[in-house]
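Novice: So here's start.txt, just compact mmCIF, C-alpha atoms:
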```txt
# COMPACT_ATOMS: atom_id res chain seq x y z
CA MET A 905 -40.81 27.13 37.43
CA GLN A 906 -41.55 27.15 33.72
CA ILE A 907 -38.85 25.57 31.53
CA PRO A 908 -37.98 27.65 28.44
CA PHE A 909 -39.30 26.17 25.22
CA ARG A 910 -35.86 26.06 23.58
CA PHE A 911 -34.55 23.76 26.33
CA LEU A 912 -37.48 21.41 25.83
CA ILE A 913 -36.65 21.20 22.12
CA PHE A 914 -32.98 20.53 22.91
CA ALA A 915 -33.87 17.77 25.39
CA ALA A 916 -36.21 16.17 22.86
CA CYS A 917 -33.44 16.14 20.25
CA LEU A 918 -31.04 14.46 22.66
CA SER A 919 -33.63 11.80 23.47
CA PHE A 920 -34.19 11.14 19.77
CA VAL A 921 -30.45 10.78 19.10
CA ALA A 922 -30.11 8.37 22.03
CA LEU A 923 -32.73 6.13 20.44
CA LEU A 924 -30.95 5.99 17.08
CA PRO A 925 -28.90 2.87 16.19
CA THR A 926 -25.21 3.31 16.90
CA SER A 927 -24.43 2.84 13.21
CA LEU A 928 -26.44 5.96 12.39
CA VAL A 929 -24.84 8.11 15.08
CA GLN A 930 -21.28 7.00 14.54
CA GLN A 931 -19.95 5.25 11.46
CA GLN A 932 -19.11 1.67 12.23
CA ALA A 933 -15.41 0.91 12.24
CA PRO A 934 -14.30 -1.44 9.47
CA THR A 935 -13.63 -5.09 10.20
CA TYR A 936 -10.33 -6.45 8.89
CA ARG A 937 -9.34 -9.92 7.77
CA ALA A 938 -5.84 -11.14 6.99
CA TYR A 939 -5.41 -13.43 3.99
CA VAL A 940 -2.38 -15.73 3.78
CA SER A 941 -1.41 -17.53 0.57
CA ASN A 942 -0.01 -20.98 1.34
CA GLU A 943 2.35 -21.94 -1.48
CA TYR A 944 2.46 -25.67 -0.73
CA GLY A 945 -1.05 -26.04 0.64
CA ALA A 946 -3.02 -24.89 -2.43
CA ASN A 947 -5.15 -22.70 -0.20
CA VAL A 948 -5.54 -19.34 1.51
CA THR A 949 -5.87 -18.97 5.28
CA VAL A 950 -8.33 -16.35 6.57
CA ILE A 951 -7.65 -14.66 9.93
CA ASP A 952 -9.98 -12.40 11.90
CA VAL A 953 -7.81 -9.40 12.78
CA ALA A 954 -9.86 -8.45 15.87
CA THR A 955 -9.27 -11.80 17.58
CA ASP A 956 -6.21 -13.04 15.66
CA THR A 957 -7.83 -16.41 15.09
CA VAL A 958 -8.24 -18.48 11.93
CA ILE A 959 -11.83 -18.26 10.71
CA GLY A 960 -11.54 -20.13 7.43
CA THR A 961 -9.50 -21.74 4.69
CA ILE A 962 -10.20 -21.12 1.01
CA ALA A 963 -9.19 -23.90 -1.37
CA VAL A 964 -7.98 -22.77 -4.77
CA THR A 965 -8.32 -24.72 -8.01
CA GLY A 966 -5.90 -27.63 -8.08
CA ARG A 967 -4.27 -29.91 -5.54
CA PRO A 968 -1.16 -29.40 -3.37
CA GLY A 969 1.87 -30.05 -5.53
CA GLU A 970 0.02 -28.94 -8.67
CA VAL A 971 -0.85 -25.30 -7.97
CA ARG A 972 0.97 -22.72 -5.87
CA PRO A 973 -0.77 -19.59 -4.59
CA ARG A 974 1.82 -16.85 -4.08
CA GLY A 975 1.53 -13.10 -4.61
CA MET A 976 -1.67 -11.24 -3.76
CA ALA A 977 -3.19 -7.81 -4.33
CA VAL A 978 -6.12 -6.01 -2.70
CA SER A 979 -8.73 -3.86 -4.44
CA PRO A 980 -8.77 -0.17 -3.40
CA ASP A 981 -11.91 -0.68 -1.29
CA GLY A 982 -10.38 -3.75 0.38
CA ARG A 983 -13.28 -5.99 -0.56
CA THR A 984 -11.59 -8.20 -3.16
CA ILE A 985 -8.37 -10.21 -2.83
CA TYR A 986 -6.57 -11.25 -6.01
CA VAL A 987 -4.32 -14.32 -5.76
CA ALA A 988 -1.70 -15.40 -8.30
CA LEU A 989 -1.78 -19.12 -9.06
CA SER A 990 0.81 -21.05 -11.04
CA ASP A 991 2.11 -24.58 -11.37
CA PHE A 992 5.43 -26.00 -10.15
CA GLN A 993 6.86 -26.75 -13.59
CA PRO A 994 8.74 -24.20 -15.75
CA VAL A 995 6.58 -24.76 -18.82
CA LEU A 996 4.35 -22.61 -20.98
CA GLU A 997 0.81 -21.74 -19.98
CA VAL A 998 -1.06 -24.51 -18.18
CA PRO A 999 -4.52 -24.61 -16.55
CA GLU A 1000 -3.05 -23.75 -13.14
CA ASP A 1001 -1.76 -20.38 -14.41
CA LYS A 1002 -4.43 -17.83 -13.48
CA ILE A 1003 -5.58 -15.18 -11.06
CA VAL A 1004 -8.51 -15.81 -8.73
CA ALA A 1005 -10.58 -13.07 -7.09
CA ILE A 1006 -11.85 -13.71 -3.56
CA ASP A 1007 -14.88 -11.84 -2.22
CA VAL A 1008 -13.95 -10.72 1.31
CA ALA A 1009 -17.59 -10.64 2.47
CA THR A 1010 -18.20 -14.30 1.64
CA ASN A 1011 -14.65 -15.73 1.43
CA ARG A 1012 -15.60 -17.32 -1.87
CA ILE A 1013 -13.84 -17.21 -5.23
CA LYS A 1014 -15.99 -14.98 -7.43
CA ALA A 1015 -13.93 -14.75 -10.63
CA GLU A 1016 -10.92 -16.16 -12.48
CA TYR A 1017 -8.65 -14.42 -14.99
CA ARG A 1018 -5.93 -15.52 -17.39
CA VAL A 1019 -3.11 -13.00 -17.13
CA GLY A 1020 -0.09 -14.50 -18.87
CA THR A 1021 1.94 -17.56 -17.92
CA ASN A 1022 3.24 -18.42 -14.46
CA PRO A 1023 2.07 -15.29 -12.60
CA GLU A 1024 4.02 -14.78 -9.38
CA ARG A 1025 3.10 -11.38 -7.98
CA LEU A 1026 0.35 -8.85 -8.69
CA ALA A 1027 -0.47 -5.16 -8.44
CA LEU A 1028 -3.52 -3.00 -9.10
CA ASN A 1029 -3.75 0.56 -10.33
CA PRO A 1030 -5.27 3.11 -7.89
CA GLU A 1031 -8.72 2.83 -9.50
CA GLY A 1032 -8.68 -0.95 -9.28
CA THR A 1033 -9.40 -1.32 -13.00
CA GLN A 1034 -6.01 -2.58 -14.17
CA LEU A 1035 -4.33 -5.73 -12.86
CA TRP A 1036 -0.62 -6.22 -13.51
CA ALA A 1037 1.13 -9.57 -13.18
CA ALA A 1038 4.80 -10.54 -13.18
CA ASN A 1039 5.02 -13.67 -15.35
CA GLU A 1040 8.06 -15.41 -13.90
CA ASN A 1041 9.12 -17.96 -16.49
CA ALA A 1042 8.14 -15.89 -19.52
CA ALA A 1043 10.21 -12.81 -18.55
CA ARG A 1044 7.11 -10.72 -19.17
CA ALA A 1045 4.74 -8.43 -17.32
CA THR A 1046 1.11 -8.51 -18.37
CA GLY A 1047 -1.45 -5.75 -17.99
CA PHE A 1048 -5.11 -6.78 -17.79
CA ASP A 1049 -8.25 -4.63 -17.92
CA LEU A 1050 -10.64 -5.92 -15.25
CA GLU A 1051 -13.58 -3.98 -16.71
CA THR A 1052 -13.34 -5.31 -20.27
CA GLY A 1053 -11.65 -8.63 -19.49
CA LYS A 1054 -9.02 -7.94 -22.13
CA THR A 1055 -5.24 -7.99 -22.03
CA LEU A 1056 -3.72 -4.52 -22.27
CA GLY A 1057 -0.32 -5.78 -23.33
CA GLU A 1058 2.69 -7.93 -22.54
CA PHE A 1059 6.04 -6.29 -21.87
CA GLN A 1060 9.59 -7.64 -21.83
CA THR A 1061 11.13 -7.49 -18.36
CA GLY A 1062 14.33 -8.67 -16.76
CA VAL A 1063 14.90 -12.37 -16.16
CA GLU A 1064 12.54 -14.01 -13.63
CA PRO A 1065 10.25 -11.06 -12.91
CA GLU A 1066 8.70 -11.14 -9.48
CA GLY A 1067 7.94 -7.90 -7.68
CA VAL A 1068 5.42 -5.56 -9.30
CA ALA A 1069 3.96 -2.23 -8.18
CA VAL A 1070 1.93 0.60 -9.70
CA SER A 1071 2.73 4.21 -8.81
CA PRO A 1072 0.08 6.10 -6.77
CA ASP A 1073 -0.82 8.25 -9.78
CA GLY A 1074 -1.26 5.12 -11.90
CA ARG A 1075 1.28 6.25 -14.46
CA PHE A 1076 4.14 3.78 -14.02
CA VAL A 1077 4.54 0.07 -13.31
CA TYR A 1078 7.78 -1.20 -11.74
CA VAL A 1079 8.72 -4.87 -12.21
CA THR A 1080 11.77 -6.50 -10.60
CA GLY A 1081 13.90 -9.04 -12.47
CA GLU A 1082 15.37 -11.52 -9.97
CA THR A 1083 18.33 -12.89 -11.93
CA SER A 1084 19.00 -9.86 -14.12
CA HIS A 1085 19.11 -7.63 -11.00
CA THR A 1086 16.95 -5.02 -12.69
CA VAL A 1087 13.78 -3.02 -12.42
CA THR A 1088 11.70 -2.54 -15.57
CA VAL A 1089 9.65 0.65 -15.89
CA ILE A 1090 6.42 0.48 -17.92
CA ASP A 1091 4.24 3.44 -18.89
CA ALA A 1092 0.81 2.22 -17.76
CA LYS A 1093 -1.02 5.03 -19.53
CA GLY A 1094 0.75 4.84 -22.89
CA LEU A 1095 1.32 1.08 -22.57
CA LYS A 1096 4.98 1.19 -23.56
CA LEU A 1097 8.33 0.21 -22.10
CA VAL A 1098 10.23 3.14 -20.58
CA LYS A 1099 13.54 1.72 -19.32
CA HIS A 1100 15.41 -0.87 -17.26
CA PHE A 1101 17.77 0.05 -14.42
CA LEU A 1102 20.08 -1.97 -12.17
CA VAL A 1103 19.51 -2.62 -8.47
CA GLY A 1104 21.02 -5.07 -5.95
CA ASN A 1105 21.33 -8.82 -6.50
CA ARG A 1106 18.03 -10.72 -6.69
CA PRO A 1107 15.37 -8.02 -6.30
CA ARG A 1108 12.24 -9.67 -4.95
CA PHE A 1109 9.76 -6.93 -4.08
CA VAL A 1110 8.97 -3.30 -4.87
CA LEU A 1111 6.58 -0.68 -3.50
CA PHE A 1112 6.05 3.06 -3.84
CA SER A 1113 5.83 5.72 -1.14
CA GLN A 1114 2.38 7.23 -0.65
CA ASP A 1115 3.31 10.42 -2.51
CA GLY A 1116 4.93 8.48 -5.35
CA SER A 1117 8.26 10.29 -5.08
CA ARG A 1118 10.15 7.20 -3.95
CA ALA A 1119 10.13 3.48 -4.59
CA TYR A 1120 11.75 0.81 -2.45
CA VAL A 1121 13.23 -2.39 -3.87
CA SER A 1122 14.32 -5.32 -1.68
CA ALA A 1123 17.35 -7.27 -2.94
CA GLU A 1124 17.46 -10.69 -1.29
CA ILE A 1125 21.06 -11.72 -2.04
CA ALA A 1126 22.55 -8.24 -1.69
CA GLY A 1127 20.72 -7.72 1.59
CA THR A 1128 19.84 -4.16 0.64
CA VAL A 1129 16.79 -1.99 0.15
CA ALA A 1130 17.27 0.35 -2.79
CA VAL A 1131 15.72 3.79 -2.45
CA VAL A 1132 14.65 4.89 -5.92
CA ASP A 1133 13.89 8.36 -7.25
CA ALA A 1134 10.58 7.46 -8.88
CA LYS A 1135 10.61 10.51 -11.13
CA ALA A 1136 14.07 9.89 -12.59
CA HIS A 1137 13.80 6.08 -12.23
CA ARG A 1138 17.23 5.68 -10.63
CA VAL A 1139 18.67 4.40 -7.36
CA ILE A 1140 19.72 7.19 -5.01
CA GLN A 1141 20.62 5.13 -1.92
CA ASN A 1142 21.05 1.55 -0.73
CA ILE A 1143 20.16 0.62 2.85
CA SER A 1144 22.15 -2.40 4.03
CA LEU A 1145 20.43 -5.02 6.20
CA GLY A 1146 23.18 -7.64 5.99
CA LEU A 1147 23.89 -10.48 3.58
CA ASP A 1148 22.20 -13.01 5.87
CA SER A 1149 18.91 -11.09 6.00
CA ARG A 1150 17.45 -12.62 2.79
CA ILE A 1151 14.82 -9.90 2.62
CA VAL A 1152 11.68 -10.19 0.50
CA GLU A 1153 8.41 -8.35 1.11
CA MET A 1154 8.05 -4.85 2.55
CA ALA A 1155 5.18 -2.77 3.91
CA LEU A 1156 4.81 0.90 4.77
CA ALA A 1157 3.10 2.19 7.89
CA PRO A 1158 -0.06 4.16 7.02
CA ASP A 1159 1.69 7.44 7.82
CA GLY A 1160 4.65 6.46 5.62
CA LYS A 1161 7.19 7.05 8.39
CA ARG A 1162 8.26 3.43 8.79
CA LEU A 1163 9.13 0.74 6.29
CA TYR A 1164 8.82 -2.84 7.57
CA VAL A 1165 11.04 -5.38 5.79
CA ALA A 1166 10.63 -9.16 6.13
CA GLY A 1167 13.97 -10.92 6.61
CA GLY A 1168 13.59 -14.59 5.77
CA GLY A 1169 17.24 -15.45 6.45
CA THR A 1170 17.32 -14.08 9.98
CA SER A 1171 13.66 -14.64 10.88
CA ALA A 1172 13.31 -10.96 11.63
CA VAL A 1173 11.46 -7.82 10.63
CA TYR A 1174 13.62 -4.76 10.04
CA VAL A 1175 12.16 -1.34 10.80
CA ILE A 1176 13.46 1.50 8.62
CA ASP A 1177 12.85 5.17 9.32
CA THR A 1178 11.93 6.58 5.91
CA GLU A 1179 13.15 10.08 6.70
CA SER A 1180 16.69 9.06 7.63
CA ASN A 1181 16.67 5.79 5.64
CA ARG A 1182 18.22 4.02 8.63
CA VAL A 1183 17.33 0.77 10.36
CA VAL A 1184 16.01 1.83 13.76
CA ARG A 1185 14.78 -1.50 15.17
CA THR A 1186 14.88 -5.21 14.45
CA VAL A 1187 12.11 -7.55 15.63
CA ARG A 1188 13.39 -11.10 16.28
CA GLU A 1189 12.08 -12.50 19.55
CA ARG A 1190 9.21 -14.99 19.08
CA MET A 1191 9.19 -14.48 15.30
CA GLY A 1192 8.14 -17.40 13.11
CA ARG A 1193 10.71 -19.01 10.82
CA ARG A 1194 11.48 -17.48 7.40
CA PRO A 1195 9.12 -14.53 7.24
CA TRP A 1196 8.80 -13.57 3.58
CA GLY A 1197 5.45 -11.81 3.60
CA VAL A 1198 4.61 -8.72 5.64
CA THR A 1199 1.69 -6.30 5.78
CA VAL A 1200 0.21 -3.61 8.03
CA THR A 1201 -3.46 -3.12 8.83
CA PRO A 1202 -4.94 0.09 7.35
CA ASP A 1203 -5.37 1.55 10.84
CA GLY A 1204 -1.70 0.86 11.58
CA ARG A 1205 -2.43 -1.13 14.73
CA LYS A 1206 -0.99 -4.49 13.70
CA ILE A 1207 1.77 -5.93 11.54
CA TYR A 1208 1.46 -9.46 10.15
CA THR A 1209 4.18 -11.68 8.69
CA ALA A 1210 3.78 -14.89 6.67
CA ASN A 1211 6.35 -17.42 7.88
CA GLY A 1212 7.09 -20.12 5.31
CA LEU A 1213 9.17 -22.56 7.37
CA SER A 1214 6.97 -22.53 10.46
CA ASP A 1215 3.68 -22.41 8.51
CA SER A 1216 2.53 -19.55 10.67
CA VAL A 1217 1.69 -15.86 10.92
CA SER A 1218 3.38 -13.62 13.48
CA VAL A 1219 1.45 -10.65 14.86
CA ILE A 1220 3.56 -7.62 15.80
CA ASP A 1221 2.47 -4.65 17.87
CA PRO A 1222 3.83 -1.53 16.09
CA ALA A 1223 3.93 0.45 19.35
CA SER A 1224 6.19 -1.94 21.25
CA LEU A 1225 7.62 -3.63 18.13
CA SER A 1226 7.20 -7.01 19.76
CA VAL A 1227 5.53 -10.22 18.62
CA VAL A 1228 2.27 -10.63 20.54
CA LYS A 1229 1.02 -13.84 18.94
CA ASN A 1230 1.81 -16.59 16.44
CA ILE A 1231 -1.10 -18.02 14.46
CA PRO A 1232 -1.06 -21.35 12.57
CA ALA A 1233 -1.38 -20.99 8.79
CA GLY A 1234 -1.08 -23.43 5.88
CA ARG A 1235 1.93 -25.15 4.34
CA GLY A 1236 4.54 -22.72 3.06
CA ALA A 1237 2.90 -19.46 4.11
CA HIS A 1238 4.04 -17.08 1.38
CA SER A 1239 2.32 -13.68 1.44
CA VAL A 1240 -0.20 -11.84 3.58
CA VAL A 1241 -2.61 -8.98 2.81
CA ILE A 1242 -5.51 -7.28 4.58
CA GLY A 1243 -9.11 -7.29 3.36
CA VAL A 1244 -11.91 -5.05 4.64
CA VAL A 1245 -15.44 -6.05 5.66
CA ARG A 1246 -17.71 -3.01 6.06
```
Would you give me this structure, written as C-alpha cells?
Specialist:
Amino acid sequence: MQIPFRFLIFAACLSFVALLPTSLVQQQAPTYRAYVSNEYGANVTVIDVATDTVIGTIAVTGRPGEVRPRGMAVSPDGRTIYVALSDFQPVLEVPEDKIVAIDVATNRIKAEYRVGTNPERLALNPEGTQLWAANENAARATGFDLETGKTLGEFQTGVEPEGVAVSPDGRFVYVTGETSHTVTVIDAKGLKLVKHFLVGNRPRFVLFSQDGSRAYVSAEIAGTVAVVDAKAHRVIQNISLGLDSRIVEMALAPDGKRLYVAGGGTSAVYVIDTESNRVVRTVRERMGRRPWGVTVTPDGRKIYTANGLSDSVSVIDPASLSVVKNIPAGRGAHSVVIGVVR
C-alpha cells in the first residue's frame, strides 16, 4: 500500500521535533533561589528552592557587629538582589551605610551604592530603574537613579522610617514611620511630598496589591494590618491579628487572593483572604522562632519565612498551609526574597 505523501511529510516533521533539544521545544522553567539577610551574621544565605538546601553564603562588606544586612529588594527580572547595609550605631553616614547588588547567576556582589544614611528597607520601581531606601535614623527616604548613579532626592518622613513600597504604576512611594505611626506618600514622578497619614502603632512594612488599588501596612505594636485606599491615601479598614502577634513583613500570593503576614511574637504566619479581609488560617506548628520575613515564590508553590531567634528559614506549603521543612540560616535571619536563574 502506498502511503500518501502528506503523511510522510507529517511523520518527518515529528521526527525532527523529537530530535530538538527540550529547551527549544518547551521553554525551560525558571530556577529559583531564596536569599536570606542575616542581621547579626554580616552575610546572606542562599537556598536552592528546588531542593530547599543551602547552596552558599555571601559575605557583605564589614564584620559581624559592624554591619547589619536587613531589608532587600529584587529587580523586576529577578536576577539582581539589592541588600540594605547599615551599622549598629545611631550616627550619621558611615562606611557601612550602603546598598549592595548581588548577581543571582553568580552569587557575587556586582555593585555598591550610597543611598542616604542607615538604610533599613528598600523598594524598586516597576522598571527597576529607581531604588528607594528608608533611612532609619535620618527620618528620610532617598530616591536613587540606578541608570545615572545619581540621587533623585531626599524626603522628610515620619520618625524611624522602615517599610517602603512603590505602587505598581510607579507613581507613588509609601514609607512607614515606626514611632510616628504614619505613612508618608511621595510622588515618585514629580519628586515631591504628597502627604502623611496615621496608621496603627509601629508600622513596620508596607506593600501594594497587584492592581495598585490597595496598600497593606503591618503595625507591630497594634497587631493590625491596615487596608489603605491607595488612590485616596487613607485607611479604610484595620484587620486585627492580636496584640501578641508582633507582625512585620507581608507577602501576597501571585494571584493576590491571600496575604501572608509574619507574626514574630507568636511564631506564626497569618493567612488573610484579601476579598473578605479576614484571617482564614494561622500556621504555627513546626514554625521557626520569631518569623519577621516572609515571601512567596513567583509560581506560588512555596512560602518562606526568615526566623530571627532560631536562625532558620521555614518552608510552608501553600496548599496544605503546613511547614514542610526548616532550613538553617545565619545569625538573626531578618528578611527573605526570591531570585530567578533562567
Novice: My list of candidates is A:Gly1169, A:Pro1065, A:Gly960, A:Gly945. Which is closest to Arg1106 (chain A) when distances are computed with only C-alpha atoms?
Specialist: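 When distances to Arg1106 (chain A) are compared using only C-alpha atoms, the smallest one comes from A:Pro1065.
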Novice: What's the 9 Å shell around Arg1118 (chain A), counting all atoms listed in the file, without same-chain residues fewer than 5 positions away, as a compact mmCIF listing (two decimals) with C-alpha atoms, in the coordinates of the input?
Specialist:
```txt
# COMPACT_ATOMS: atom_id res chain seq x y z
CA LEU A 1111 6.58 -0.68 -3.50
CA PHE A 1112 6.05 3.06 -3.84
CA SER A 1113 5.83 5.72 -1.14
CA VAL A 1131 15.72 3.79 -2.45
CA VAL A 1132 14.65 4.89 -5.92
CA ASP A 1133 13.89 8.36 -7.25
CA ALA A 1134 10.58 7.46 -8.88
CA LYS A 1135 10.61 10.51 -11.13
```
Novice: Once you count only C-alpha atoms, which residues end up no further than 10 Å from (-1.7, 7.5, -9.5) in the file's frame, shown as a list in words?
Specialist: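 So the residues meeting the distance criterion are Asn1029, Pro1030, Glu1031, Val1070, Ser1071, Pro1072, Asp1073, Gly1074, Arg1075, Phe1076, Gln1114, Asp1115 and Gly1116 of chain A.
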Novice: CA of Asp981 (chain A) and CA of Thr1010 (chain A), how far apart in Å?
Specialist: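 Answer for the CA of Thr1010 (chain A) to CA of Asp981 (chain A) separation: 15.3 Å.
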Novice: So what do you get for CA of Tyr1017 (chain A) versus CA of Tyr939 (chain A), distance-wise?
Specialist: 19.3 Å
Novice: Counting only C-alpha atoms, figure out which residue out of A:Pro980, A:Ala1009, A:Gly1032, A:Gly1197 gets nearest to Val950 (chain A).
Specialist: A:Ala1009
Novice: Set up a box along x, y and z of the file covering all listed atoms of region 930-940 of chain A, add 4 Å on every one of the six sides, and write the centre and edge lengths in Å to one decimal, as AutoDock Vina command-line options.
Specialist:
```
--center_x -11.8 --center_y -4.4 --center_z 9.2 --size_x 26.9 --size_y 30.7 --size_z 18.8
```
Novice: Take CA of Asp1148 (chain A) and CA of Gly1167 (chain A) and report the distance between them in Å, one decimal.
Specialist: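 For CA of Asp1148 (chain A) relative to CA of Gly1167 (chain A), the distance reads 8.5 Å.
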Novice: For Val953 (chain A), which of A:Ala938, A:Val1089, A:Val1240, A:Ala1157 is the closest residue, counting all atoms listed in the file?
Specialist: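 Ranked by minimum distance to Val953 (chain A), first place goes to A:Ala938.
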Novice: Need to verify the contact set: Thr955 (chain A), 12 Å, only C-alpha atoms, exclusion of same-chain residues closer than 4 positions in sequence. Can you return it as a count of residues only?
Specialist: 12
Novice: For Thr1033 (chain A), which residue among A:Gly1053, A:Pro968, A:Pro934, A:Gly1020 is the nearest when counting all atoms listed in the file?
Specialist: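 Smallest distance to Thr1033 (chain A) is found for A:Gly1053.
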Novice: List as a VMD selection string the protein and nucleic acid residues near Arg1162 (chain A), meaning an atom at most 7 Å away when all atoms listed in the file are counted, but skip any in the same chain fewer than 2 places from it.
Specialist: chain A and resid 1156 to 1157 1160 1164 1175 to 1178
Novice: What would the file look like if the residues just selected were written as a JSON list (two decimals), in the frame of the given file with C-alpha atoms?
Specialist:
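File written: out_4.json
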```
[["chain", "number", "residue", "atom", "x", "y", "z"],
["A", 1156, "LEU", "CA", 4.81, 0.90, 4.77],
["A", 1157, "ALA", "CA", 3.10, 2.19, 7.89],
["A", 1160, "GLY", "CA", 4.65, 6.46, 5.62],
["A", 1164, "TYR", "CA", 8.82, -2.84, 7.57],
["A", 1175, "VAL", "CA", 12.16, -1.34, 10.80],
["A", 1176, "ILE", "CA", 13.46, 1.50, 8.62],
["A", 1177, "ASP", "CA", 12.85, 5.17, 9.32],
["A", 1178, "THR", "CA", 11.93, 6.58, 5.91]]
```
Novice: Using only C-alpha atoms, which of A:Thr1170, A:Thr1128, A:Gln1141, A:Thr1046 sits nearest Lys1096 (chain A)?
Specialist: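 For Lys1096 (chain A), the nearest of the candidates is A:Thr1046.
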Novice: Pick from A:Arg1190, A:Arg1205, A:His1238, A:Arg972: nearest to Ser1171 (chain A), with only C-alpha atoms counted?
Specialist: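 Looking at the shortest contact to Ser1171 (chain A), the residue is A:Arg1190.
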Novice: Residues within 10 Å of Lys1054 (chain A), please, as a PyMOL selection string. Count only C-alpha atoms; anything in the same chain fewer than 6 positions from it doesn't count.
Specialist: chain A and resi 1017-1019+1047-1048
Novice: Would you kindly return, as a PDB file with C-alpha atoms, in the frame of the given file, each protein, DNA or RNA residue with an atom no farther than 12 Å from any atom of Arg1150 (chain A), considering all atoms listed in the file and excluding same-chain residues fewer than 4 positions away?
Specialist:
```pdb
ATOM      1  CA  ASN A1105      21.330  -8.820  -6.500  1.00  0.00           C
ATOM      2  CA  ARG A1106      18.030 -10.720  -6.690  1.00  0.00           C
ATOM      3  CA  PRO A1107      15.370  -8.020  -6.300  1.00  0.00           C
ATOM      4  CA  ARG A1108      12.240  -9.670  -4.950  1.00  0.00           C
ATOM      5  CA  PHE A1109       9.760  -6.930  -4.080  1.00  0.00           C
ATOM      6  CA  SER A1122      14.320  -5.320  -1.680  1.00  0.00           C
ATOM      7  CA  ALA A1123      17.350  -7.270  -2.940  1.00  0.00           C
ATOM      8  CA  GLU A1124      17.460 -10.690  -1.290  1.00  0.00           C
ATOM      9  CA  ILE A1125      21.060 -11.720  -2.040  1.00  0.00           C
ATOM     10  CA  ALA A1126      22.550  -8.240  -1.690  1.00  0.00           C
ATOM     11  CA  GLY A1127      20.720  -7.720   1.590  1.00  0.00           C
ATOM     12  CA  THR A1128      19.840  -4.160   0.640  1.00  0.00           C
ATOM     13  CA  VAL A1129      16.790  -1.990   0.150  1.00  0.00           C
ATOM     14  CA  SER A1144      22.150  -2.400   4.030  1.00  0.00           C
ATOM     15  CA  LEU A1145      20.430  -5.020   6.200  1.00  0.00           C
ATOM     16  CA  GLY A1146      23.180  -7.640   5.990  1.00  0.00           C
ATOM     17  CA  VAL A1165      11.040  -5.380   5.790  1.00  0.00           C
ATOM     18  CA  ALA A1166      10.630  -9.160   6.130  1.00  0.00           C
ATOM     19  CA  GLY A1167      13.970 -10.920   6.610  1.00  0.00           C
ATOM     20  CA  GLY A1168      13.590 -14.590   5.770  1.00  0.00           C
ATOM     21  CA  GLY A1169      17.240 -15.450   6.450  1.00  0.00           C
ATOM     22  CA  THR A1170      17.320 -14.080   9.980  1.00  0.00           C
ATOM     23  CA  SER A1171      13.660 -14.640  10.880  1.00  0.00           C
ATOM     24  CA  ALA A1172      13.310 -10.960  11.630  1.00  0.00           C
ATOM     25  CA  VAL A1173      11.460  -7.820  10.630  1.00  0.00           C
ATOM     26  CA  TYR A1174      13.620  -4.760  10.040  1.00  0.00           C
ATOM     27  CA  ARG A1194      11.480 -17.480   7.400  1.00  0.00           C
ATOM     28  CA  PRO A1195       9.120 -14.530   7.240  1.00  0.00           C
ATOM     29  CA  TRP A1196       8.800 -13.570   3.580  1.00  0.00           C
TER      30      TRP A1196
END
```
